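Structure file query_8.cif (mmCIF, C-alpha atoms) follows.
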data_model
#
loop_
_atom_site.label_atom_id
_atom_site.label_comp_id
_atom_site.auth_asym_id
_atom_site.auth_seq_id
_atom_site.Cartn_x
_atom_site.Cartn_y
_atom_site.Cartn_z
CA MET J 1 20.79 -165.27 62.93
CA ARG J 2 20.31 -163.51 66.19
CA ARG J 3 16.63 -164.28 66.28
CA SER J 4 17.28 -167.98 65.72
CA LEU J 5 19.80 -167.93 68.55
CA ILE J 6 17.26 -166.37 70.87
CA LEU J 7 14.63 -168.86 69.73
CA GLY J 8 17.06 -171.72 70.33
CA GLY J 9 17.83 -170.44 73.80
CA VAL J 10 14.17 -170.14 74.62
CA ALA J 11 13.59 -173.64 73.27
CA VAL J 12 16.42 -175.04 75.40
CA LEU J 13 14.99 -173.35 78.44
CA VAL J 14 11.41 -174.39 77.74
CA PHE J 15 11.94 -177.89 76.45
CA PRO J 16 13.00 -179.61 79.69
CA THR J 17 9.94 -178.19 81.36
CA ALA J 18 7.72 -179.61 78.64
CA ALA J 19 9.48 -182.99 78.71
CA LEU J 20 9.20 -183.16 82.44
CA ALA J 21 5.58 -182.12 82.40
CA ALA J 22 4.90 -184.86 79.86
CA ASP J 23 6.67 -187.36 82.09
CA GLY J 24 4.65 -186.24 85.02
CA ALA J 25 7.72 -186.57 87.24
CA SER J 26 7.71 -184.85 90.57
CA GLY J 27 10.11 -182.04 91.40
CA GLY J 28 8.58 -179.28 89.33
CA TRP J 29 10.57 -177.21 86.90
CA ILE J 30 13.62 -176.46 89.02
CA GLY J 31 15.16 -179.91 88.59
CA PRO J 32 16.03 -179.56 84.87
CA PHE J 33 17.24 -176.02 85.45
CA ALA J 34 19.51 -177.36 88.17
CA VAL J 35 21.26 -179.51 85.56
CA ILE J 36 21.71 -176.52 83.23
CA ALA J 37 22.90 -174.37 86.13
CA ALA J 38 25.43 -177.01 87.17
CA GLY J 39 26.87 -177.15 83.65
CA ILE J 40 27.02 -173.40 83.06
CA GLY J 41 28.35 -172.68 86.53
CA MET J 42 31.07 -175.30 86.26
CA ALA J 43 32.07 -173.97 82.83
CA ILE J 44 32.40 -170.39 84.09
CA ALA J 45 34.25 -171.48 87.21
CA ALA J 46 36.66 -173.72 85.29
CA GLY J 47 37.41 -171.05 82.70
CA LEU J 48 38.07 -168.27 85.17
CA CYS J 49 40.04 -170.60 87.43
CA GLY J 50 42.20 -171.46 84.44
CA LEU J 51 42.81 -167.77 83.77
CA GLY J 52 43.77 -167.11 87.36
CA GLN J 53 46.03 -170.12 87.66
CA GLY J 54 47.64 -169.26 84.35
CA ARG J 55 48.56 -165.80 85.63
CA ALA J 56 49.93 -167.25 88.84
CA VAL J 57 52.03 -169.89 87.08
CA ALA J 58 53.29 -167.36 84.53
CA SER J 59 54.56 -165.05 87.27
CA ALA J 60 56.09 -167.95 89.18
CA VAL J 61 57.92 -169.28 86.13
CA ASP J 62 59.11 -165.77 85.35
CA ALA J 63 60.46 -165.40 88.87
CA MET J 64 62.10 -168.83 88.75
CA ALA J 65 63.82 -167.96 85.48
CA ARG J 66 65.13 -164.72 86.96
CA GLN J 67 66.34 -166.32 90.17
CA PRO J 68 66.97 -170.05 89.82
CA GLY J 69 68.44 -170.13 93.31
CA ALA J 70 65.07 -169.40 94.89
CA ALA J 71 63.21 -171.88 92.70
CA ALA J 72 62.29 -174.28 95.50
CA ARG J 73 60.68 -171.64 97.69
CA ILE J 74 58.89 -170.05 94.75
CA GLN J 75 57.57 -173.43 93.75
CA THR J 76 56.20 -174.11 97.23
CA ALA J 77 54.50 -170.72 97.34
CA MET J 78 53.14 -171.27 93.85
CA ILE J 79 51.65 -174.64 94.77
CA ILE J 80 49.95 -173.20 97.86
CA GLY J 81 48.60 -170.30 95.83
CA LEU J 82 47.35 -172.63 93.14
CA ALA J 83 45.57 -174.70 95.79
CA LEU J 84 43.88 -171.62 97.19
CA ILE J 85 42.79 -170.47 93.72
CA GLU J 86 41.65 -173.93 92.78
CA SER J 87 39.53 -174.27 95.89
CA LEU J 88 37.23 -171.54 94.54
CA ALA J 89 36.50 -173.67 91.50
CA ILE J 90 36.13 -176.67 93.80
CA TYR J 91 33.37 -174.84 95.68
CA THR J 92 31.48 -174.54 92.42
CA LEU J 93 32.13 -178.20 91.70
CA VAL J 94 30.67 -179.14 95.07
CA ILE J 95 27.61 -176.98 94.43
CA ALA J 96 27.23 -178.59 91.01
CA LEU J 97 27.45 -182.03 92.60
CA ILE J 98 24.83 -181.04 95.14
CA LEU J 99 22.55 -179.80 92.36
CA LEU J 100 23.06 -182.98 90.35
CA PHE J 101 23.13 -185.73 92.92
CA VAL J 102 21.50 -184.74 96.18
CA LYS J 103 17.95 -186.04 96.13
CA GLY J 104 17.10 -184.86 99.61
CA ILE J 105 16.57 -181.27 98.51
CA GLN J 106 13.00 -180.80 97.38
CA PHE J 107 12.97 -178.63 94.28
CA SER J 108 9.33 -177.66 94.44
CA MET N 1 27.41 -190.52 92.95
CA GLU N 2 26.34 -194.08 93.50
CA ALA N 3 24.50 -193.75 90.20
CA ILE N 4 27.66 -194.02 88.10
CA GLU N 5 30.28 -195.48 90.42
CA HIS N 6 30.49 -199.18 90.97
CA PRO N 7 30.25 -200.18 94.63
CA PRO N 8 33.48 -201.58 96.11
CA ILE N 9 34.05 -205.32 96.12
CA PHE N 10 34.29 -205.71 99.87
CA ARG N 11 31.52 -204.27 102.02
CA LEU N 12 30.61 -204.80 105.63
CA PRO N 13 26.84 -204.90 106.09
CA GLY N 14 25.47 -201.96 108.00
CA ILE N 15 28.70 -199.95 107.89
CA PRO N 16 29.29 -197.20 105.32
CA ASP N 17 31.98 -197.88 102.76
CA HIS N 18 34.18 -194.96 103.71
CA VAL N 19 34.33 -196.17 107.32
CA THR N 20 35.29 -199.67 106.22
CA TYR N 21 38.07 -198.36 104.03
CA THR N 22 39.22 -195.90 106.68
CA TRP N 23 39.74 -198.94 108.88
CA LEU N 24 41.61 -200.64 106.04
CA VAL N 25 43.91 -197.62 105.67
CA MET N 26 44.47 -197.62 109.44
CA ILE N 27 45.30 -201.33 109.40
CA ILE N 28 47.75 -200.89 106.52
CA LEU N 29 49.51 -197.91 108.12
CA ALA N 30 49.67 -199.61 111.52
CA ALA N 31 51.05 -202.82 109.98
CA VAL N 32 53.69 -200.96 107.97
CA THR N 33 54.85 -198.85 110.91
CA PHE N 34 54.83 -201.86 113.23
CA ALA N 35 56.88 -203.92 110.77
CA ALA N 36 59.29 -201.03 110.35
CA SER N 37 59.79 -200.30 114.04
CA ARG N 38 59.71 -203.85 115.44
CA ASN N 39 63.38 -204.48 114.93
CA LEU N 40 65.10 -201.10 114.83
CA GLN N 41 68.67 -201.04 113.61
CA LEU N 42 71.29 -198.36 113.42
CA VAL N 43 71.87 -199.03 109.73
CA PRO N 44 68.32 -199.30 108.39
CA ARG N 45 67.37 -201.81 105.76
CA GLY N 46 64.22 -202.65 103.87
CA ILE N 47 61.00 -201.23 105.20
CA GLN N 48 62.62 -199.30 108.04
CA ASN N 49 64.79 -197.55 105.47
CA PHE N 50 61.74 -196.68 103.37
CA LEU N 51 59.81 -195.25 106.29
CA GLU N 52 62.81 -193.26 107.45
CA VAL N 53 63.09 -191.69 104.02
CA VAL N 54 59.39 -190.78 104.13
CA LEU N 55 59.65 -189.22 107.57
CA GLU N 56 62.84 -187.45 106.53
CA GLN N 57 60.82 -185.71 103.84
CA PHE N 58 58.25 -184.57 106.40
CA THR N 59 60.98 -183.32 108.72
CA GLN N 60 62.66 -181.40 105.95
CA MET N 61 59.37 -179.79 104.93
CA ILE N 62 58.66 -178.81 108.54
CA ASP N 63 62.14 -177.31 108.89
CA ASP N 64 61.65 -175.31 105.72
CA VAL N 65 58.26 -173.90 106.64
CA MET N 66 58.04 -173.71 110.41
CA GLY N 67 61.65 -173.60 111.51
CA HIS N 68 63.26 -175.90 113.99
CA GLU N 69 60.67 -175.68 116.76
CA GLY N 70 58.08 -177.10 114.37
CA ARG N 71 59.41 -180.62 114.86
CA ARG N 72 57.23 -180.99 117.94
CA TYR N 73 54.23 -181.21 115.61
CA LEU N 74 55.73 -183.93 113.40
CA PRO N 75 53.41 -186.68 114.77
CA LEU N 76 50.25 -184.72 113.92
CA LEU N 77 51.47 -183.59 110.51
CA ALA N 78 52.98 -186.92 109.43
CA THR N 79 49.93 -188.88 110.57
CA LEU N 80 47.58 -186.59 108.67
CA GLY N 81 49.78 -186.67 105.59
CA LEU N 82 50.23 -190.43 105.53
CA PHE N 83 46.55 -191.09 106.18
CA ILE N 84 45.39 -188.74 103.45
CA LEU N 85 47.99 -190.00 101.00
CA ALA N 86 47.09 -193.64 101.66
CA GLY N 87 43.39 -192.84 101.35
CA ASN N 88 43.89 -190.94 98.11
CA LEU N 89 45.96 -193.72 96.60
CA MET N 90 43.54 -196.37 97.79
CA SER N 91 40.70 -194.71 95.93
CA LEU N 92 42.62 -195.25 92.69
CA VAL N 93 42.75 -199.04 93.08
CA PRO N 94 39.87 -200.53 91.06
CA GLY N 95 37.43 -202.30 93.33
CA LEU N 96 38.30 -200.38 96.46
CA ALA N 97 36.67 -197.22 97.76
CA GLY N 98 38.59 -194.22 98.95
CA PRO N 99 37.99 -192.86 102.42
CA THR N 100 38.93 -189.34 101.28
CA GLY N 101 36.25 -189.39 98.59
CA ASN N 102 33.65 -188.84 101.28
CA LEU N 103 32.83 -185.54 102.91
CA ASN N 104 32.76 -187.01 106.42
CA THR N 105 36.37 -188.22 106.37
CA THR N 106 37.78 -184.97 105.04
CA ALA N 107 35.66 -182.94 107.47
CA ALA N 108 37.01 -185.05 110.31
CA CYS N 109 40.59 -184.34 109.25
CA ALA N 110 39.88 -180.62 108.88
CA ILE N 111 38.22 -180.41 112.30
CA VAL N 112 41.23 -182.14 113.84
CA VAL N 113 43.44 -179.49 112.23
CA PHE N 114 41.14 -176.66 113.40
CA VAL N 115 41.07 -177.80 117.03
CA ALA N 116 44.78 -178.61 117.00
CA TYR N 117 46.05 -175.28 115.76
CA HIS N 118 43.80 -173.25 118.02
CA GLY N 119 44.80 -175.41 120.96
CA ILE N 120 48.49 -175.05 120.12
CA GLY N 121 48.18 -171.27 119.75
CA ALA N 122 46.21 -170.86 122.96
CA ARG N 123 48.66 -173.01 124.90
CA LYS N 124 51.70 -171.27 123.48
CA GLN N 125 50.57 -167.69 124.04
CA GLY N 126 47.85 -167.97 126.66
CA VAL N 127 44.17 -167.68 125.83
CA VAL N 128 43.82 -163.92 126.29
CA ALA N 129 46.92 -163.09 124.28
CA TYR N 130 45.82 -165.48 121.56
CA LEU N 131 42.40 -163.84 121.35
CA LYS N 132 44.06 -160.41 121.24
CA HIS N 133 46.11 -161.70 118.34
CA PHE N 134 42.86 -162.02 116.38
CA ALA N 135 42.16 -158.29 116.56
CA GLY N 136 45.34 -157.45 114.69
CA PRO N 137 47.52 -154.34 114.67
CA VAL N 138 44.82 -151.74 114.08
CA PRO N 139 43.58 -148.74 116.10
CA LEU N 140 41.24 -149.48 118.96
CA PRO N 141 37.92 -148.48 117.32
CA LEU N 142 38.56 -150.90 114.49
CA LYS N 143 39.40 -153.86 116.72
CA PRO N 144 35.87 -155.35 117.01
CA LEU N 145 35.49 -155.25 113.25
CA MET N 146 38.85 -156.95 112.72
CA PHE N 147 37.96 -159.53 115.33
CA VAL N 148 34.77 -160.52 113.54
CA ILE N 149 36.48 -160.64 110.16
CA GLU N 150 39.31 -162.75 111.54
CA LEU N 151 36.81 -165.06 113.22
CA ILE N 152 35.02 -165.64 109.93
CA SER N 153 38.30 -166.24 108.14
CA HIS N 154 39.28 -168.81 110.77
CA LEU N 155 35.92 -170.54 110.45
CA ALA N 156 36.35 -170.67 106.68
CA ARG N 157 39.65 -172.53 106.96
CA PRO N 158 38.30 -175.99 107.90
CA LEU N 159 35.55 -175.52 105.31
CA SER N 160 38.06 -174.86 102.57
CA LEU N 161 40.34 -177.70 103.71
CA THR N 162 37.38 -180.10 103.68
CA LEU N 163 35.96 -179.06 100.36
CA ARG N 164 39.32 -178.87 98.58
CA LEU N 165 40.29 -182.45 99.37
CA PHE N 166 36.77 -183.78 98.87
CA GLY N 167 36.15 -181.92 95.63
CA ASN N 168 39.47 -182.89 94.08
CA MET N 169 38.99 -186.53 94.91
CA VAL N 170 35.33 -186.80 93.93
CA GLY N 171 35.81 -184.77 90.77
CA GLY N 172 38.53 -187.18 89.69
CA HIS N 173 36.42 -190.19 90.57
CA ILE N 174 33.50 -188.94 88.53
CA LEU N 175 35.79 -188.16 85.61
CA LEU N 176 37.23 -191.68 85.69
CA ALA N 177 33.77 -193.20 86.09
CA VAL N 178 32.44 -191.32 83.07
CA ILE N 179 35.46 -192.26 80.95
CA PHE N 180 35.12 -195.91 81.95
CA LEU N 181 31.39 -195.78 81.20
CA LEU N 182 32.10 -194.43 77.71
CA MET N 183 34.88 -196.97 77.21
CA GLY N 184 33.30 -200.13 78.56
CA LEU N 185 30.86 -202.76 77.32
CA ASP N 186 28.03 -200.21 77.21
CA GLY N 187 30.18 -197.82 75.19
CA LEU N 188 32.95 -197.98 72.64
CA ILE N 189 34.21 -201.50 73.34
CA GLY N 190 30.67 -202.86 73.33
CA TRP N 191 30.14 -201.12 70.00
CA ALA N 192 33.34 -202.66 68.64
CA LEU N 193 32.17 -206.13 69.69
CA SER N 194 28.64 -205.68 68.40
CA GLY N 195 29.43 -207.12 64.96
CA SER N 196 28.75 -204.21 62.63
CA VAL N 197 31.66 -203.07 60.43
CA VAL N 198 31.37 -199.38 61.29
CA GLY N 199 31.17 -200.25 64.95
CA ALA N 200 34.25 -202.46 64.75
CA VAL N 201 36.29 -199.73 63.05
CA VAL N 202 35.14 -196.64 64.94
CA GLY N 203 34.55 -198.36 68.25
CA GLY N 204 37.81 -200.26 68.06
CA ILE N 205 39.90 -197.18 67.30
CA GLY N 206 38.00 -195.13 69.86
CA GLY N 207 38.35 -197.84 72.49
CA VAL N 208 42.10 -198.14 71.98
CA VAL N 209 42.51 -194.35 72.06
CA THR N 210 40.47 -194.14 75.24
CA ILE N 211 42.41 -196.93 76.93
CA VAL N 212 45.74 -195.31 76.02
CA PHE N 213 44.44 -191.92 77.22
CA THR N 214 43.24 -193.34 80.51
CA VAL N 215 46.28 -195.43 81.34
CA GLY N 216 48.84 -193.02 79.94
CA PHE N 217 47.39 -189.70 81.07
CA LEU N 218 44.44 -189.82 83.46
CA TYR N 219 45.83 -192.35 85.91
CA PRO N 220 49.23 -190.65 86.28
CA LEU N 221 47.38 -187.36 86.66
CA LYS N 222 45.24 -188.83 89.43
CA ILE N 223 48.33 -190.20 91.20
CA LEU N 224 49.91 -186.74 90.95
CA VAL N 225 46.74 -185.16 92.36
CA ALA N 226 46.71 -187.68 95.22
CA PHE N 227 50.25 -186.71 96.25
CA LEU N 228 49.61 -183.01 95.66
CA GLN N 229 46.45 -182.86 97.75
CA ALA N 230 48.12 -184.65 100.67
CA PHE N 231 51.04 -182.22 100.35
CA ILE N 232 48.75 -179.20 100.27
CA PHE N 233 46.75 -180.38 103.25
CA VAL N 234 49.90 -180.86 105.33
CA MET N 235 51.40 -177.59 104.07
CA LEU N 236 48.33 -175.55 104.96
CA THR N 237 48.20 -177.22 108.37
CA MET N 238 51.80 -176.16 108.90
CA LEU N 239 51.03 -172.60 107.88
CA TYR N 240 48.06 -172.45 110.23
CA ILE N 241 50.08 -173.82 113.15
CA SER N 242 53.00 -171.49 112.52
CA GLY N 243 50.54 -168.59 112.21
CA ALA N 244 49.07 -169.54 115.58
CA ILE N 245 52.37 -169.84 117.45
CA GLU N 246 54.10 -166.78 116.08
CA GLU N 247 54.31 -163.76 118.35
CA ALA N 248 51.67 -161.11 118.24
CA ASP N 249 53.98 -158.17 117.54
CA HIS N 250 54.89 -159.27 114.02
CA HIS N 251 51.45 -160.24 112.98
CA SER N 252 51.40 -161.44 109.40
CA GLU N 253 48.51 -162.75 107.45
CA HIS N 254 48.59 -166.32 106.28
CA HIS N 255 45.40 -167.21 104.63
#

The structure in this file should be written as structure tokens.
Amino acid sequence: MRRSLILGGVAVLVFPTAALAADGASGGWIGPFAVIAAGIGMAIAAGLCGLGQGRAVASAVDAMARQPGAAARIQTAMIIGLALIESLAIYTLVIALILLFVKGIQFS
Amino acid sequence: MEAIEHPPIFRLPGIPDHVTYTWLVMIILAAVTFAASRNLQLVPRGIQNFLEVVLEQFTQMIDDVMGHEGRRYLPLLATLGLFILAGNLMSLVPGLAGPTGNLNTTAACAIVVFVAYHGIGARKQGVVAYLKHFAGPVPLPLKPLMFVIELISHLARPLSLTLRLFGNMVGGHILLAVIFLLMGLDGLIGWALSGSVVGAVVGGIGGVVTIVFTVGFLYPLKILVAFLQAFIFVMLTMLYISGAIEEADHHSEHH
């Protein structure tokens, strides 16, 4: 089981290189890895951003339930905090977009 | 990104799309404000009433966050907010491009905010006092360290403003483009029309589900994000300005 997983991982990592070498496309072997890195990085960033935002929203809803009078101010603070947390995932998104779409960078 | 997004219907040759549609947003905003303020009345009706309600919201937000002296900065904040909101909403209209979906437009807005809040702080407190404000309430040997850290944090603010707006908009555009690609004549609907029985059943059901999902969930979500990002941009600008004009003795950290 574990050996097949490792073999599969190795195959995934090796196969794009082989396909690209067969194509004879320029760009070397970093281009396919850039696609994998964009996917894995975005997945990690989205998951951890979800955890962080979930904690923030949970505390904010808790506070709003305890003190409904202060709900408006808590909500404003929560939205600003969510934006600041989310921007960390957005940085990863921008890096993923650069890896996927920017052709000017020579991956050699 | 041009690989999956359709180019907008109206393009001026030699001029980038986001510049063209920035001009379009400017024309729309100028026309609306001109039509609203051409014939001012004490009891507002129609478009003047609408615009007064919008500006009332901005004023109320400024009063909540910055206090009463923040109303001096209403022109800057309301212009930024209306421009970003109009740009965000324009990018959702099929066939038009959004000016805020481009890094240059958002960077321009963020640089305006950066220069504005430093200028306001330096004019309010004097340049030397404002620079002292950066060093924070720490003992003297630590002041250079604090100064450098604070400098980096201030330089990171326009970066984060730029990338937040840009990333939210472009991420949404790519999501919609991929969904439309899967839904359209190359995808599920094309499969449903291809003539095979399996394709008609699976592609038809999948196409209907995708259309309902897009219209019922993704588009409202994008409209919400458009309002939310404009709100966050204006709110962070307010926090930065109020952090710059507050007195040095009760230094508090707004990030």

So how far away is CA of Leu181 in chain N from CA of Ile211 in chain N, in Å?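 Here the two named atoms are 11.9 Å from each other.
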
Please report, as CSV, each residue of chain N lying at most 8 Å from chain J, together with the nearest pair of atoms and the separation in Å rounded to one decimal; use only C-alpha atoms, and order rows by chain and ascending residue number.
residue,atom,partner,partner_atom,distance
N:Met1,CA,J:Phe101,CA,6.4
N:Ser160,CA,J:Ser87,CA,6.9
N:Leu163,CA,J:Tyr91,CA,6.8
N:Arg164,CA,J:Ser87,CA,5.3
N:Gly167,CA,J:Ile90,CA,5.6
N:Asn168,CA,J:Ile90,CA,7.1
N:Gly171,CA,J:Leu93,CA,7.6
N:Ile232,CA,J:Ile80,CA,6.6
N:Met235,CA,J:Ile80,CA,7.7
N:Leu236,CA,J:Ile80,CA,7.7

Straight-line distance linking CA of Gly199 in chain N with CA of Val178 in chain N, stated in Å to one decimal: 20.2 Å

Å distance separating CA of Thr237 in chain N from CA of His154 in chain N, one decimal place: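 It comes out at 12.5 Å.
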
Residue neighbourhood Thr210 in chain N, 9 Å, all atoms listed in the file, exclusion window fewer than 2 positions, as a VMD selection string: chain N and resid 179 to 180 182 to 183 188 205 to 208 212 to 215

For Met42 in chain J, please output as a list in words all residues within 7 Å (counting only C-alpha atoms; exclusion window: fewer than 3 positions along the same chain). Ala38, Gly39, Ala45, Ala46, Thr92, Leu93 and Ala96 of chain J

Using all atoms listed in the file, the residue out of J:Leu99, J:Ala77, J:Leu48, J:Ala37 with shortest distance to Met64 in chain J is J:Ala77

Excluding Ile47 in chain N and its own-chain neighbours fewer than 6 positions away, which residues fall within 12 Å of it when counting all atoms listed in the file? Please give them as a PyMOL selection string. chain N and resi 31-41+53-54

Pro8 in chain N environment, 9 Å, all atoms listed in the file, sequence neighbours closer than 3 positions dropped, as a list in words: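 The residues satisfying every condition are Glu5, Arg11, Asp17, Pro94, Gly95, Leu96 and Ala97 of chain N.
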
Centre and edge lengths, as lines of an AutoDock Vina configuration file, for the axis-aligned box enclosing every listed atom of range 211-218 of chain N with 5 Å of padding on each of the six sides, in Å to one decimal?
center_x = 45.6
center_y = -193.3
center_z = 79.7
size_x = 16.4
size_y = 17.2
size_z = 17.4

Could you tell me, as a PyMOL selection string, exactly which residues end up selected when the PyMOL selection byres ((chain N and resi 113) around 10) is applied to this structure? chain N and resi 76-77+80+107-112+114-119+157-158+161+233-234+236-238+240-241

Quick one: residues within 12 Å of Met26 in chain N, all atoms listed in the file, excluding same-chain residues fewer than 2 positions away - as a PyMOL selection string? chain N and resi 19-24+28-34+79-80+82-87+90+99
